[in-house]
Amino acid sequence: MSGTVKSKRGYGHPHHLFKLPAMMTDAVAHKDLAEEKSETTQSPAVHEECGNALTRYIVKTCEKLRENPVYKILFSVQSSHIIMALAVVLVTVLVFPGDSMISSRQTERIKLNRLVKIVHLATFSTHFGIHIWMTFISGVCLYYKLSRHAFGDVQKILFPKYYSTSSLLNAITLVQYSKICVANNIWDRHTFLQLYVLSICFLMELGIRLYVVPPMLRLISAKTAIEKSAGIGKEVGRQDLGPLVNCPHYMTIHRSFRKVHMILGVCNIITMMCNVFHLVHIAT
């Protein structure tokens, strides 16, 4: 009895949500074939041959590029681990400088001091401003002004750029602050504490960009596709799952999305606290 009810409603299996009627698929297929036939009959044979030659050239170029070892390293799953390892090495070098590095930089104290301070202040203020804007202004305003699906599409564009920019600005801030400490030969407890805080903020934001944002985007896409098939997701400023509450496949994706979103929120609060801590240090 229960199996019959699920099959009628179409939420017992995720594929039911994406299945289109046979008449609709046939109509779309005949329409595409008719359009393709009209385009081929209207276009000259010379243009068709040039287009095919260009397509074959692009395909061969892409295949050669994919066979390149550099491409495999940069665009494989292991590239995230490589970038994270390099970031850890950078943080280790900056937080624990050697005696030779300190002595060699003491002669550059007067020349580097002003420029380094300007770059340090500019990158930190830009990073802190982006943080405040995304957390308290952009996210809140868009959530209460756009439909839930439109808001998700915007977040899919902003999330990668936000965390990439934040990681880059934080790395520059860390490097410049380390140069200030070396040039001024200031190595006390407060200096090391600031370096630790900036390092935590940098590694956390880079880790979010490499390991949390990609699954977050995939979950948003999966949720949006299922919700559009069920005819929901157009509400503004709220969330109404409707009949998808009875779909186990969707609820599994929804719970995973909530967990990843909670991780992003906690990490965002921690990085904001790190920025406030460094801001107080600069102000004093």
# chains A, B, ... in the order shown; residues from 1 in each chain; ligands from 1
$ residues_around --residues "Thr126 (chain A)" --least-positions-apart "6" --cutoff "12 Å" --atoms "only C-alpha atoms" --output "ChimeraX atom specification"
/A:119-120,132-133,162,165-170,172-173,275
$ closest_atom_pairs --of "region 231-268 of chain A" --to "region 203-218 of chain A" --cutoff "9 Å" --atoms "only C-alpha atoms" --output "JSON lines"
{"residue": "A:Phe257", "atom": "CA", "partner": "A:Met216", "partner_atom": "CA", "distance": 6.8}
{"residue": "A:Val260", "atom": "CA", "partner": "A:Met216", "partner_atom": "CA", "distance": 6.5}
{"residue": "A:His261", "atom": "CA", "partner": "A:Met216", "partner_atom": "CA", "distance": 7.5}
{"residue": "A:Ile263", "atom": "CA", "partner": "A:Val212", "partner_atom": "CA", "distance": 8.3}
{"residue": "A:Leu264", "atom": "CA", "partner": "A:Ile208", "partner_atom": "CA", "distance": 7.4}
{"residue": "A:Cys267", "atom": "CA", "partner": "A:Met204", "partner_atom": "CA", "distance": 7.1}
{"residue": "A:Asn268", "atom": "CA", "partner": "A:Glu205", "partner_atom": "CA", "distance": 8.3}
$ atom_distance --atom1 "CA of Met251 (chain A)" --atom2 "CA of Ile157 (chain A)"
24.3 Å
$ closest_residue --among "A:Phe277, A:Thr123, A:Val236, A:Leu174" --to "Cys141 (chain A)" --atoms "only C-alpha atoms"
A:Val236
$ atom_distance --atom1 "CA of Glu227 (chain A)" --atom2 "CA of Pro243 (chain A)"
9.8 Å
$ select_by_dssp --residues "region 176-255 of chain A" --states "alpha helix (DSSP H)" --output "JSON, numbers by chain"
{"A": [176, 177, 178, 179, 180, 181, 182, 183, 184, 189, 190, 191, 192, 193, 194, 195, 196, 197, 198, 199, 200, 201, 202, 203, 204, 205, 206, 207, 213, 214, 215, 216, 217, 218, 219, 220, 221, 222, 223, 224, 225, 226, 227, 228, 229, 230, 248, 249, 250, 251, 252, 253, 254, 255]}
$ write_last_selection --atoms "N, CA and C atoms" --output "compact mmCIF listing (two decimals), in the first residue's frame"
# COMPACT_ATOMS: atom_id res chain seq x y z
N GLN A 176 53.42 40.65 4.70
CA GLN A 176 53.84 42.02 4.99
C GLN A 176 54.03 42.25 6.49
N TYR A 177 53.17 41.66 7.30
CA TYR A 177 53.34 41.82 8.75
C TYR A 177 54.62 41.13 9.22
N SER A 178 54.94 39.99 8.61
CA SER A 178 56.20 39.33 8.96
C SER A 178 57.40 40.18 8.56
N LYS A 179 57.31 40.86 7.42
CA LYS A 179 58.40 41.76 7.01
C LYS A 179 58.55 42.93 7.98
N ILE A 180 57.42 43.44 8.47
CA ILE A 180 57.48 44.54 9.44
C ILE A 180 58.18 44.08 10.72
N CYS A 181 57.85 42.89 11.17
CA CYS A 181 58.48 42.36 12.40
C CYS A 181 59.97 42.14 12.20
N VAL A 182 60.35 41.63 11.03
CA VAL A 182 61.76 41.39 10.77
C VAL A 182 62.52 42.69 10.62
N ALA A 183 61.93 43.64 9.89
CA ALA A 183 62.62 44.91 9.67
C ALA A 183 62.79 45.69 10.96
N ASN A 184 61.80 45.64 11.83
CA ASN A 184 61.89 46.36 13.11
C ASN A 184 62.52 45.53 14.22
N ARG A 189 56.10 38.29 22.61
CA ARG A 189 54.95 37.39 22.70
C ARG A 189 53.78 37.89 21.87
N HIS A 190 53.54 39.18 21.87
CA HIS A 190 52.42 39.74 21.11
C HIS A 190 52.64 39.60 19.60
N THR A 191 53.89 39.72 19.17
CA THR A 191 54.19 39.58 17.75
C THR A 191 53.89 38.16 17.28
N PHE A 192 54.39 37.18 18.01
CA PHE A 192 54.14 35.79 17.64
C PHE A 192 52.65 35.45 17.71
N LEU A 193 51.94 36.04 18.67
CA LEU A 193 50.51 35.79 18.78
C LEU A 193 49.77 36.33 17.55
N GLN A 194 50.16 37.50 17.07
CA GLN A 194 49.55 38.04 15.86
C GLN A 194 49.85 37.18 14.64
N LEU A 195 51.08 36.70 14.56
CA LEU A 195 51.44 35.83 13.44
C LEU A 195 50.65 34.53 13.48
N TYR A 196 50.44 33.98 14.66
CA TYR A 196 49.65 32.76 14.77
C TYR A 196 48.20 33.00 14.35
N VAL A 197 47.64 34.12 14.79
CA VAL A 197 46.25 34.42 14.46
C VAL A 197 46.08 34.62 12.95
N LEU A 198 46.97 35.39 12.34
CA LEU A 198 46.89 35.59 10.89
C LEU A 198 47.09 34.28 10.13
N SER A 199 47.96 33.43 10.63
CA SER A 199 48.20 32.14 9.98
C SER A 199 46.96 31.26 10.06
N ILE A 200 46.31 31.24 11.22
CA ILE A 200 45.08 30.45 11.36
C ILE A 200 44.01 30.95 10.40
N CYS A 201 43.87 32.27 10.31
CA CYS A 201 42.87 32.85 9.41
C CYS A 201 43.17 32.49 7.96
N PHE A 202 44.43 32.58 7.56
CA PHE A 202 44.81 32.28 6.18
C PHE A 202 44.59 30.80 5.84
N LEU A 203 45.07 29.91 6.70
CA LEU A 203 44.94 28.48 6.42
C LEU A 203 43.48 28.03 6.45
N MET A 204 42.69 28.64 7.34
CA MET A 204 41.28 28.25 7.41
C MET A 204 40.52 28.69 6.16
N GLU A 205 40.76 29.91 5.70
CA GLU A 205 40.06 30.37 4.50
C GLU A 205 40.53 29.63 3.26
N LEU A 206 41.81 29.32 3.18
CA LEU A 206 42.30 28.54 2.05
C LEU A 206 41.74 27.12 2.08
N GLY A 207 41.67 26.53 3.27
CA GLY A 207 41.09 25.20 3.39
C GLY A 207 39.62 25.18 3.01
N VAL A 213 34.13 24.55 -0.29
CA VAL A 213 33.34 25.23 -1.30
C VAL A 213 32.94 24.30 -2.45
N PRO A 214 33.82 23.46 -3.02
CA PRO A 214 33.38 22.58 -4.12
C PRO A 214 32.21 21.67 -3.76
N PRO A 215 32.25 20.92 -2.63
CA PRO A 215 31.05 20.12 -2.31
C PRO A 215 29.82 20.98 -2.01
N MET A 216 30.04 22.18 -1.49
CA MET A 216 28.92 23.08 -1.24
C MET A 216 28.22 23.45 -2.55
N LEU A 217 28.99 23.75 -3.58
CA LEU A 217 28.40 24.10 -4.87
C LEU A 217 27.67 22.91 -5.48
N ARG A 218 28.21 21.72 -5.34
CA ARG A 218 27.54 20.53 -5.88
C ARG A 218 26.22 20.26 -5.15
N LEU A 219 26.20 20.47 -3.85
CA LEU A 219 24.97 20.27 -3.09
C LEU A 219 23.91 21.29 -3.48
N ILE A 220 24.32 22.54 -3.68
CA ILE A 220 23.36 23.57 -4.10
C ILE A 220 22.76 23.21 -5.46
N SER A 221 23.59 22.76 -6.39
CA SER A 221 23.09 22.39 -7.72
C SER A 221 22.12 21.22 -7.64
N ALA A 222 22.45 20.21 -6.82
CA ALA A 222 21.58 19.05 -6.69
C ALA A 222 20.25 19.44 -6.05
N LYS A 223 20.30 20.24 -4.99
CA LYS A 223 19.07 20.69 -4.35
C LYS A 223 18.19 21.50 -5.30
N THR A 224 18.80 22.40 -6.03
CA THR A 224 18.04 23.25 -6.94
C THR A 224 17.37 22.43 -8.03
N ALA A 225 18.08 21.45 -8.58
CA ALA A 225 17.50 20.61 -9.65
C ALA A 225 16.28 19.84 -9.14
N ILE A 226 16.39 19.25 -7.96
CA ILE A 226 15.27 18.48 -7.42
C ILE A 226 14.10 19.39 -7.07
N GLU A 227 14.39 20.55 -6.48
CA GLU A 227 13.32 21.47 -6.09
C GLU A 227 12.60 22.03 -7.31
N LYS A 228 13.33 22.32 -8.38
CA LYS A 228 12.66 22.79 -9.60
C LYS A 228 11.76 21.71 -10.18
N SER A 229 12.17 20.44 -10.11
CA SER A 229 11.32 19.36 -10.60
C SER A 229 10.05 19.23 -9.77
N ALA A 230 10.16 19.55 -8.48
CA ALA A 230 8.99 19.48 -7.60
C ALA A 230 8.18 20.76 -7.60
N PRO A 248 13.32 10.67 0.68
CA PRO A 248 14.54 10.39 1.46
C PRO A 248 15.82 10.83 0.75
N HIS A 249 15.84 10.72 -0.57
CA HIS A 249 17.03 11.13 -1.30
C HIS A 249 17.27 12.63 -1.15
N TYR A 250 16.20 13.43 -1.29
CA TYR A 250 16.35 14.87 -1.15
C TYR A 250 16.70 15.25 0.29
N MET A 251 16.10 14.61 1.25
CA MET A 251 16.38 14.95 2.64
C MET A 251 17.82 14.61 3.02
N THR A 252 18.39 13.58 2.42
CA THR A 252 19.80 13.28 2.65
C THR A 252 20.69 14.40 2.13
N ILE A 253 20.39 14.87 0.91
CA ILE A 253 21.14 15.99 0.35
C ILE A 253 20.94 17.26 1.18
N HIS A 254 19.72 17.46 1.65
CA HIS A 254 19.41 18.65 2.43
C HIS A 254 20.18 18.64 3.76
N ARG A 255 20.24 17.51 4.41
CA ARG A 255 20.99 17.43 5.68
C ARG A 255 22.48 17.63 5.44
$ residues_around --residues "region 143-152 of chain A" --least-positions-apart "3" --cutoff "6 Å" --atoms "only C-alpha atoms" --output "PyMOL selection string"
chain A and resi 140+155+233-237
$ atom_distance --atom1 "CA of Ile282 (chain A)" --atom2 "CA of Phe96 (chain A)"
21.2 Å
$ closest_residue --among "A:Arg258, A:Thr284, A:Leu279, A:Ile269" --to "Ser125 (chain A)" --atoms "only C-alpha atoms"
A:Leu279
$ closest_residue --among "A:Thr271, A:Val175, A:Val245, A:His281" --to "Val95 (chain A)" --atoms "only C-alpha atoms"
A:Val175
